[in-house]
Amino acid sequence: QVQLVESGGGLVQAGGSLRLSCAASGRTISSYTMGWFRQAPGKEREFVAAITWSGESTYYADSVKGRFTISRDNAKNTVYLQMNSLKPEDTAVYYCALSTLYSSSYYYTLGRGYDYWGQGTQVTVSS
């Protein structure tokens, strides 16, 4: 079984930065696409970013493009989400996810494209 544990969330002022980490155990992540999703109160979970196994390709939601950067360190079995220029609308619980299901980029932005999820970390951006 794969376990994913997010960390790095917290409270930050608008315009600030946070770096989220997602540490995996139970399986090496080096062969799999990893993603970040978020869910704000009263809203559906939404895609944030994804990165292929090699790190060669990355994908971003339009709302975070240019502000967030996803990266991975396969040697550390960890994925990161660097979040800059944070806005109050970025407030949400952030989840990392791993996909062993698909190799097509069509699925990378879809929640159903991932079969393992972390427990989430809260990010709160104050105005």
# chains A, B, ... in the order shown; residues from 1 in each chain; ligands from 1
$ residues_around --residues "Ala24 (chain A)" --least-positions-apart "5" --cutoff "6 Å" --atoms "only C-alpha atoms" --output "PyMOL selection string"
chain A and resi 3-4+77
$ write_last_selection --atoms "N, CA and C atoms" --output "compact mmCIF listing (two decimals), in the first residue's frame"
# COMPACT_ATOMS: atom_id res chain seq x y z
N GLN A 3 1.36 5.12 0.98
CA GLN A 3 0.92 6.19 1.88
C GLN A 3 1.53 7.50 1.43
N LEU A 4 0.69 8.52 1.36
CA LEU A 4 1.13 9.86 0.97
C LEU A 4 0.85 10.80 2.13
N ASN A 77 11.60 10.28 -2.90
CA ASN A 77 10.20 9.83 -2.96
C ASN A 77 9.23 10.93 -2.54
$ residues_around --residues "Met34 (chain A)" --least-positions-apart "4" --cutoff "9 Å" --atoms "only C-alpha atoms" --output "NGL selection string"
:A and (29 or 49-53 or 72 or 79 or 96-99 or 108 or 114)
$ write_last_selection --atoms "all heavy atoms" --output "mmCIF file, in the first residue's frame"
data_model
loop_
_atom_site.group_PDB
_atom_site.id
_atom_site.type_symbol
_atom_site.label_atom_id
_atom_site.label_comp_id
_atom_site.auth_asym_id
_atom_site.auth_seq_id
_atom_site.Cartn_x
_atom_site.Cartn_y
_atom_site.Cartn_z
ATOM 1 N N ILE A 29 7.853 6.208 -6.088
ATOM 2 C CA ILE A 29 6.986 7.004 -6.955
ATOM 3 C C ILE A 29 7.611 7.291 -8.302
ATOM 4 O O ILE A 29 6.990 7.939 -9.142
ATOM 5 C CB ILE A 29 6.588 8.328 -6.284
ATOM 6 C CG1 ILE A 29 7.811 9.243 -6.149
ATOM 7 C CG2 ILE A 29 5.918 8.087 -4.944
ATOM 8 C CD1 ILE A 29 7.458 10.662 -5.739
ATOM 9 N N ALA A 49 -2.149 20.859 -10.108
ATOM 10 C CA ALA A 49 -0.939 20.637 -10.892
ATOM 11 C C ALA A 49 -0.625 19.150 -10.946
ATOM 12 O O ALA A 49 -1.048 18.394 -10.073
ATOM 13 C CB ALA A 49 0.243 21.398 -10.301
ATOM 14 N N ALA A 50 0.130 18.756 -11.967
ATOM 15 C CA ALA A 50 0.566 17.373 -12.095
ATOM 16 C C ALA A 50 1.945 17.347 -12.728
ATOM 17 O O ALA A 50 2.330 18.279 -13.449
ATOM 18 C CB ALA A 50 -0.418 16.557 -12.929
ATOM 19 N N ILE A 51 2.667 16.262 -12.459
ATOM 20 C CA ILE A 51 4.014 16.099 -12.996
ATOM 21 C C ILE A 51 4.215 14.641 -13.360
ATOM 22 O O ILE A 51 3.847 13.740 -12.611
ATOM 23 C CB ILE A 51 5.068 16.580 -11.976
ATOM 24 C CG1 ILE A 51 6.468 16.555 -12.570
ATOM 25 C CG2 ILE A 51 4.996 15.772 -10.673
ATOM 26 C CD1 ILE A 51 7.505 17.308 -11.724
ATOM 27 N N THR A 52 4.765 14.404 -14.556
ATOM 28 C CA THR A 52 4.997 13.041 -14.987
ATOM 29 C C THR A 52 6.168 12.412 -14.236
ATOM 30 O O THR A 52 6.911 13.107 -13.533
ATOM 31 C CB THR A 52 5.252 12.995 -16.496
ATOM 32 O OG1 THR A 52 6.335 13.898 -16.807
ATOM 33 C CG2 THR A 52 4.010 13.401 -17.265
ATOM 34 N N TRP A 53 6.351 11.119 -14.434
ATOM 35 C CA TRP A 53 7.305 10.368 -13.627
ATOM 36 C C TRP A 53 8.726 10.930 -13.711
ATOM 37 O O TRP A 53 9.450 10.946 -12.717
ATOM 38 C CB TRP A 53 7.306 8.898 -14.038
ATOM 39 C CG TRP A 53 7.850 8.675 -15.418
ATOM 40 C CD1 TRP A 53 7.174 8.713 -16.597
ATOM 41 C CD2 TRP A 53 9.211 8.391 -15.766
ATOM 42 N NE1 TRP A 53 8.015 8.473 -17.660
ATOM 43 C CE2 TRP A 53 9.279 8.268 -17.175
ATOM 44 C CE3 TRP A 53 10.384 8.219 -15.031
ATOM 45 C CZ2 TRP A 53 10.449 7.996 -17.843
ATOM 46 C CZ3 TRP A 53 11.560 7.940 -15.697
ATOM 47 C CH2 TRP A 53 11.586 7.840 -17.089
ATOM 48 N N ARG A 72 9.538 17.330 -8.349
ATOM 49 C CA ARG A 72 9.658 16.061 -7.650
ATOM 50 C C ARG A 72 11.115 15.685 -7.474
ATOM 51 O O ARG A 72 11.963 16.069 -8.281
ATOM 52 C CB ARG A 72 8.916 14.949 -8.401
ATOM 53 C CG ARG A 72 9.463 14.614 -9.772
ATOM 54 C CD ARG A 72 8.494 13.729 -10.547
ATOM 55 N NE ARG A 72 8.258 12.453 -9.877
ATOM 56 C CZ ARG A 72 7.210 11.666 -10.116
ATOM 57 N NH1 ARG A 72 6.301 12.030 -10.992
ATOM 58 N NH2 ARG A 72 7.078 10.518 -9.477
ATOM 59 N N VAL A 79 7.222 14.783 -3.649
ATOM 60 C CA VAL A 79 6.752 15.762 -4.619
ATOM 61 C C VAL A 79 6.507 17.074 -3.888
ATOM 62 O O VAL A 79 6.096 17.079 -2.719
ATOM 63 C CB VAL A 79 5.456 15.286 -5.300
ATOM 64 C CG1 VAL A 79 4.916 16.341 -6.238
ATOM 65 C CG2 VAL A 79 5.692 14.004 -6.056
ATOM 66 N N CYS A 96 -2.213 15.678 -2.186
ATOM 67 C CA CYS A 96 -1.390 15.101 -3.246
ATOM 68 C C CYS A 96 -1.948 13.728 -3.599
ATOM 69 O O CYS A 96 -2.646 13.098 -2.795
ATOM 70 C CB CYS A 96 0.084 15.028 -2.857
ATOM 71 S SG CYS A 96 0.517 13.757 -1.698
ATOM 72 N N ALA A 97 -1.656 13.315 -4.809
ATOM 73 C CA ALA A 97 -2.204 12.067 -5.313
ATOM 74 C C ALA A 97 -1.213 11.397 -6.248
ATOM 75 O O ALA A 97 -0.399 12.074 -6.883
ATOM 76 C CB ALA A 97 -3.521 12.325 -6.043
ATOM 77 N N LEU A 98 -1.314 10.086 -6.311
ATOM 78 C CA LEU A 98 -0.440 9.279 -7.161
ATOM 79 C C LEU A 98 -1.295 8.451 -8.102
ATOM 80 O O LEU A 98 -2.325 7.903 -7.689
ATOM 81 C CB LEU A 98 0.425 8.361 -6.288
ATOM 82 C CG LEU A 98 1.403 7.418 -6.997
ATOM 83 C CD1 LEU A 98 2.625 7.190 -6.110
ATOM 84 C CD2 LEU A 98 0.764 6.086 -7.328
ATOM 85 N N SER A 99 -0.853 8.359 -9.341
ATOM 86 C CA SER A 99 -1.601 7.596 -10.330
ATOM 87 C C SER A 99 -0.799 6.399 -10.812
ATOM 88 O O SER A 99 0.260 6.559 -11.424
ATOM 89 C CB SER A 99 -1.954 8.471 -11.532
ATOM 90 O OG SER A 99 -2.560 7.688 -12.543
ATOM 91 N N TYR A 108 -4.585 13.237 -16.256
ATOM 92 C CA TYR A 108 -3.762 13.867 -15.223
ATOM 93 C C TYR A 108 -4.483 14.981 -14.485
ATOM 94 O O TYR A 108 -4.144 15.297 -13.355
ATOM 95 C CB TYR A 108 -2.473 14.413 -15.822
ATOM 96 C CG TYR A 108 -1.556 13.357 -16.381
ATOM 97 C CD1 TYR A 108 -0.537 13.702 -17.261
ATOM 98 C CD2 TYR A 108 -1.704 12.024 -16.056
ATOM 99 C CE1 TYR A 108 0.317 12.748 -17.789
ATOM 100 C CE2 TYR A 108 -0.862 11.054 -16.578
ATOM 101 C CZ TYR A 108 0.140 11.424 -17.447
ATOM 102 O OH TYR A 108 0.962 10.471 -17.970
ATOM 103 N N TYR A 114 -6.418 9.201 -10.412
ATOM 104 C CA TYR A 114 -5.479 8.901 -9.333
ATOM 105 C C TYR A 114 -6.091 7.880 -8.385
ATOM 106 O O TYR A 114 -7.274 7.949 -8.065
ATOM 107 C CB TYR A 114 -5.127 10.173 -8.573
ATOM 108 C CG TYR A 114 -4.410 11.179 -9.437
ATOM 109 C CD1 TYR A 114 -5.121 12.012 -10.297
ATOM 110 C CD2 TYR A 114 -3.025 11.283 -9.418
ATOM 111 C CE1 TYR A 114 -4.470 12.922 -11.113
ATOM 112 C CE2 TYR A 114 -2.364 12.193 -10.222
ATOM 113 C CZ TYR A 114 -3.092 13.006 -11.067
ATOM 114 O OH TYR A 114 -2.445 13.900 -11.876
#
$ closest_atom_pairs --of "region 24-65 of chain A" --to "region 100-106 of chain A" --cutoff "9 Å" --atoms "only C-alpha atoms" --output "Markdown table"
| residue | atom | partner | partner_atom | distance |
| --- | --- | --- | --- | --- |
| A:Ser31 | CA | A:Thr100 | CA | 8.4 |
| A:Tyr32 | CA | A:Thr100 | CA | 6.1 |
| A:Thr33 | CA | A:Thr100 | CA | 7.5 |
| A:Thr52 | CA | A:Ser105 | CA | 8.8 |
| A:Tyr59 | CA | A:Ser105 | CA | 8.9 |
$ closest_residue --among "A:Gln122, A:Ser63, A:Ser25, A:Thr91" --to "Gln13 (chain A)" --atoms "only C-alpha atoms"
A:Thr91
$ closest_residue --among "A:Asn74, A:Gln1, A:Ser57, A:Thr121" --to "Trp36 (chain A)" --atoms "only C-alpha atoms"
A:Thr121
$ closest_residue --among "A:Phe37, A:Tyr107, A:Val123, A:Leu18" --to "Arg67 (chain A)" --atoms "only C-alpha atoms"
A:Leu18
$ closest_residue --among "A:Asn84, A:Tyr94, A:Glu89, A:Gly113" --to "Gly15 (chain A)" --atoms "only C-alpha atoms"
A:Asn84
$ residues_around --residues "Lys76 (chain A)" --least-positions-apart "5" --cutoff "12 Å" --atoms "only C-alpha atoms" --output "number ranges by chain"
A: 21-25, 27-30, 71
$ write_last_selection --atoms "N, CA and C atoms" --output "PDB file, in the first residue's frame"
ATOM      1  N   SER A  21       4.950  19.800   0.657  1.00  0.00           N
ATOM      2  CA  SER A  21       5.675  18.568   0.363  1.00  0.00           C
ATOM      3  C   SER A  21       4.728  17.390   0.481  1.00  0.00           C
ATOM      4  N   CYS A  22       4.993  16.368  -0.292  1.00  0.00           N
ATOM      5  CA  CYS A  22       4.217  15.133  -0.229  1.00  0.00           C
ATOM      6  C   CYS A  22       5.217  13.981  -0.226  1.00  0.00           C
ATOM      7  N   ALA A  23       5.346  13.334   0.925  1.00  0.00           N
ATOM      8  CA  ALA A  23       6.277  12.226   1.071  1.00  0.00           C
ATOM      9  C   ALA A  23       5.537  10.910   0.908  1.00  0.00           C
ATOM     10  N   ALA A  24       6.062  10.061   0.059  1.00  0.00           N
ATOM     11  CA  ALA A  24       5.434   8.769  -0.211  1.00  0.00           C
ATOM     12  C   ALA A  24       6.212   7.651   0.472  1.00  0.00           C
ATOM     13  N   SER A  25       5.474   6.650   0.903  1.00  0.00           N
ATOM     14  CA  SER A  25       6.082   5.445   1.460  1.00  0.00           C
ATOM     15  C   SER A  25       5.290   4.237   0.986  1.00  0.00           C
ATOM     16  N   ARG A  27       5.886   2.493  -1.644  1.00  0.00           N
ATOM     17  CA  ARG A  27       6.141   2.252  -3.056  1.00  0.00           C
ATOM     18  C   ARG A  27       6.982   3.406  -3.573  1.00  0.00           C
ATOM     19  N   THR A  28       7.912   3.101  -4.442  1.00  0.00           N
ATOM     20  CA  THR A  28       8.654   4.180  -5.063  1.00  0.00           C
ATOM     21  C   THR A  28       7.765   4.894  -6.071  1.00  0.00           C
ATOM     22  N   ILE A  29       7.853   6.208  -6.088  1.00  0.00           N
ATOM     23  CA  ILE A  29       6.986   7.004  -6.955  1.00  0.00           C
ATOM     24  C   ILE A  29       7.611   7.291  -8.302  1.00  0.00           C
ATOM     25  N   SER A  30       8.834   6.805  -8.511  1.00  0.00           N
ATOM     26  CA  SER A  30       9.590   7.244  -9.678  1.00  0.00           C
ATOM     27  C   SER A  30       8.968   6.842 -11.007  1.00  0.00           C
ATOM     28  N   SER A  71       7.204  20.074  -8.580  1.00  0.00           N
ATOM     29  CA  SER A  71       8.482  19.433  -8.841  1.00  0.00           C
ATOM     30  C   SER A  71       8.536  18.124  -8.053  1.00  0.00           C
TER      31      SER A  71
END
$ select_by_dssp --residues "chain A" --states "strand (DSSP E)" --output "number ranges by chain"
A: 3-7, 10-13, 18-25, 33-39, 46-51, 58-60, 68-73, 78-83, 92-99, 116-117, 121-126
$ write_last_selection --atoms "C-alpha atoms" --output "short mmCIF file (atom, residue, chain, number, x, y, z; two decimals), in the first residue's frame"
data_model
loop_
_atom_site.label_atom_id
_atom_site.label_comp_id
_atom_site.auth_asym_id
_atom_site.auth_seq_id
_atom_site.Cartn_x
_atom_site.Cartn_y
_atom_site.Cartn_z
CA GLN A 3 0.92 6.19 1.88
CA LEU A 4 1.13 9.86 0.97
CA VAL A 5 1.70 12.46 3.67
CA GLU A 6 1.42 16.17 2.91
CA SER A 7 3.09 18.89 4.94
CA GLY A 10 -0.35 27.00 7.13
CA LEU A 11 -1.56 30.56 7.35
CA VAL A 12 0.01 33.16 5.10
CA GLN A 13 -0.84 36.68 4.01
CA LEU A 18 4.34 28.38 0.87
CA ARG A 19 6.00 25.14 -0.16
CA LEU A 20 4.02 21.97 0.21
CA SER A 21 5.68 18.57 0.36
CA CYS A 22 4.22 15.13 -0.23
CA ALA A 23 6.28 12.23 1.07
CA ALA A 24 5.43 8.77 -0.21
CA SER A 25 6.08 5.45 1.46
CA THR A 33 2.54 10.66 -12.34
CA MET A 34 1.87 12.72 -9.24
CA GLY A 35 -0.69 15.45 -8.81
CA TRP A 36 -1.93 18.12 -6.45
CA PHE A 37 -5.61 18.90 -5.96
CA ARG A 38 -7.42 21.24 -3.60
CA GLN A 39 -10.84 21.60 -2.08
CA GLU A 46 -10.25 20.78 -8.24
CA PHE A 47 -7.06 20.02 -10.07
CA VAL A 48 -4.03 22.18 -9.30
CA ALA A 49 -0.94 20.64 -10.89
CA ALA A 50 0.57 17.37 -12.09
CA ILE A 51 4.01 16.10 -13.00
CA THR A 58 4.07 19.45 -15.95
CA TYR A 59 0.45 20.55 -16.06
CA TYR A 60 -1.28 23.40 -14.26
CA PHE A 68 2.68 27.63 -8.61
CA THR A 69 5.44 25.18 -9.52
CA ILE A 70 5.27 21.42 -9.12
CA SER A 71 8.48 19.43 -8.84
CA ARG A 72 9.66 16.06 -7.65
CA ASP A 73 12.68 14.38 -6.15
CA THR A 78 8.76 13.31 -2.56
CA VAL A 79 6.75 15.76 -4.62
CA TYR A 80 6.61 19.49 -3.97
CA LEU A 81 4.29 22.37 -4.74
CA GLN A 82 5.88 25.80 -4.54
CA MET A 83 3.14 28.39 -4.22
CA ALA A 92 -8.25 25.21 0.60
CA VAL A 93 -7.17 21.80 1.77
CA TYR A 94 -4.45 20.62 -0.59
CA TYR A 95 -4.12 16.94 -1.43
CA CYS A 96 -1.39 15.10 -3.25
CA ALA A 97 -2.20 12.07 -5.31
CA LEU A 98 -0.44 9.28 -7.16
CA SER A 99 -1.60 7.60 -10.33
CA TYR A 116 -3.81 7.01 -3.98
CA TRP A 117 -4.44 10.15 -1.96
CA THR A 121 -2.89 19.93 4.41
CA GLN A 122 -4.71 23.19 5.08
CA VAL A 123 -3.59 26.35 3.33
CA THR A 124 -5.18 29.60 4.47
CA VAL A 125 -4.42 32.90 2.75
CA SER A 126 -5.53 36.02 4.57
#
$ decode --residues "region 88-116 of chain A" --atoms "N, CA and C atoms" --output "mmCIF file, in the first residue's frame"
data_model
loop_
_atom_site.group_PDB
_atom_site.id
_atom_site.type_symbol
_atom_site.label_atom_id
_atom_site.label_comp_id
_atom_site.auth_asym_id
_atom_site.auth_seq_id
_atom_site.Cartn_x
_atom_site.Cartn_y
_atom_site.Cartn_z
ATOM 1 N N PRO A 88 -6.250 35.024 -1.524
ATOM 2 C CA PRO A 88 -7.251 34.438 -0.624
ATOM 3 C C PRO A 88 -8.028 33.290 -1.264
ATOM 4 N N GLU A 89 -8.240 33.356 -2.556
ATOM 5 C CA GLU A 89 -8.984 32.289 -3.236
ATOM 6 C C GLU A 89 -8.187 30.996 -3.367
ATOM 7 N N ASP A 90 -6.925 31.006 -2.962
ATOM 8 C CA ASP A 90 -6.143 29.771 -2.917
ATOM 9 C C ASP A 90 -6.390 28.998 -1.621
ATOM 10 N N THR A 91 -7.123 29.577 -0.713
ATOM 11 C CA THR A 91 -7.427 28.907 0.555
ATOM 12 C C THR A 91 -8.188 27.611 0.306
ATOM 13 N N ALA A 92 -7.652 26.528 0.829
ATOM 14 C CA ALA A 92 -8.249 25.207 0.601
ATOM 15 C C ALA A 92 -7.425 24.156 1.341
ATOM 16 N N VAL A 93 -7.962 22.954 1.372
ATOM 17 C CA VAL A 93 -7.169 21.803 1.772
ATOM 18 C C VAL A 93 -6.518 21.258 0.505
ATOM 19 N N TYR A 94 -5.209 21.089 0.570
ATOM 20 C CA TYR A 94 -4.450 20.616 -0.585
ATOM 21 C C TYR A 94 -4.100 19.141 -0.403
ATOM 22 N N TYR A 95 -4.361 18.374 -1.456
ATOM 23 C CA TYR A 95 -4.119 16.938 -1.434
ATOM 24 C C TYR A 95 -3.125 16.555 -2.519
ATOM 25 N N CYS A 96 -2.213 15.678 -2.186
ATOM 26 C CA CYS A 96 -1.390 15.101 -3.246
ATOM 27 C C CYS A 96 -1.948 13.728 -3.599
ATOM 28 N N ALA A 97 -1.656 13.315 -4.809
ATOM 29 C CA ALA A 97 -2.204 12.067 -5.313
ATOM 30 C C ALA A 97 -1.213 11.397 -6.248
ATOM 31 N N LEU A 98 -1.314 10.086 -6.311
ATOM 32 C CA LEU A 98 -0.440 9.279 -7.161
ATOM 33 C C LEU A 98 -1.295 8.451 -8.102
ATOM 34 N N SER A 99 -0.853 8.359 -9.341
ATOM 35 C CA SER A 99 -1.601 7.596 -10.330
ATOM 36 C C SER A 99 -0.799 6.399 -10.812
ATOM 37 N N THR A 100 -1.329 5.211 -10.539
ATOM 38 C CA THR A 100 -0.767 3.997 -11.132
ATOM 39 C C THR A 100 -1.663 3.501 -12.250
ATOM 40 N N LEU A 101 -2.718 4.278 -12.544
ATOM 41 C CA LEU A 101 -3.779 3.788 -13.427
ATOM 42 C C LEU A 101 -3.528 4.091 -14.900
ATOM 43 N N TYR A 102 -3.091 5.329 -15.167
ATOM 44 C CA TYR A 102 -3.078 5.775 -16.550
ATOM 45 C C TYR A 102 -1.740 6.405 -16.908
ATOM 46 N N SER A 103 -1.420 6.318 -18.179
ATOM 47 C CA SER A 103 -0.235 7.000 -18.681
ATOM 48 C C SER A 103 -0.597 8.079 -19.675
ATOM 49 N N SER A 104 -1.870 8.281 -19.868
ATOM 50 C CA SER A 104 -2.321 9.318 -20.790
ATOM 51 C C SER A 104 -2.529 10.633 -20.056
ATOM 52 N N SER A 105 -2.048 11.695 -20.646
ATOM 53 C CA SER A 105 -2.168 13.010 -20.013
ATOM 54 C C SER A 105 -3.619 13.446 -19.878
ATOM 55 N N TYR A 106 -4.510 12.821 -20.604
ATOM 56 C CA TYR A 106 -5.944 13.145 -20.500
ATOM 57 C C TYR A 106 -6.416 13.008 -19.060
ATOM 58 N N TYR A 107 -5.870 12.045 -18.355
ATOM 59 C CA TYR A 107 -6.351 11.743 -17.008
ATOM 60 C C TYR A 107 -5.635 12.540 -15.928
ATOM 61 N N TYR A 108 -4.585 13.237 -16.256
ATOM 62 C CA TYR A 108 -3.762 13.867 -15.223
ATOM 63 C C TYR A 108 -4.483 14.981 -14.485
ATOM 64 N N THR A 109 -5.445 15.597 -15.124
ATOM 65 C CA THR A 109 -6.170 16.694 -14.483
ATOM 66 C C THR A 109 -7.472 16.236 -13.824
ATOM 67 N N LEU A 110 -7.721 14.950 -13.858
ATOM 68 C CA LEU A 110 -8.960 14.403 -13.336
ATOM 69 C C LEU A 110 -8.726 13.645 -12.033
ATOM 70 N N GLY A 111 -9.577 13.869 -11.053
ATOM 71 C CA GLY A 111 -9.439 13.153 -9.794
ATOM 72 C C GLY A 111 -9.508 11.650 -9.971
ATOM 73 N N ARG A 112 -10.347 11.218 -10.897
ATOM 74 C CA ARG A 112 -10.491 9.771 -11.087
ATOM 75 C C ARG A 112 -9.284 9.157 -11.779
ATOM 76 N N GLY A 113 -8.340 9.989 -12.135
ATOM 77 C CA GLY A 113 -7.116 9.475 -12.727
ATOM 78 C C GLY A 113 -6.090 9.021 -11.700
ATOM 79 N N TYR A 114 -6.418 9.201 -10.412
ATOM 80 C CA TYR A 114 -5.479 8.901 -9.333
ATOM 81 C C TYR A 114 -6.091 7.880 -8.385
ATOM 82 N N ASP A 115 -5.257 6.958 -7.921
ATOM 83 C CA ASP A 115 -5.770 5.915 -7.052
ATOM 84 C C ASP A 115 -5.236 5.969 -5.630
ATOM 85 N N TYR A 116 -4.290 6.842 -5.346
ATOM 86 C CA TYR A 116 -3.810 7.007 -3.980
ATOM 87 C C TYR A 116 -3.813 8.490 -3.630
#
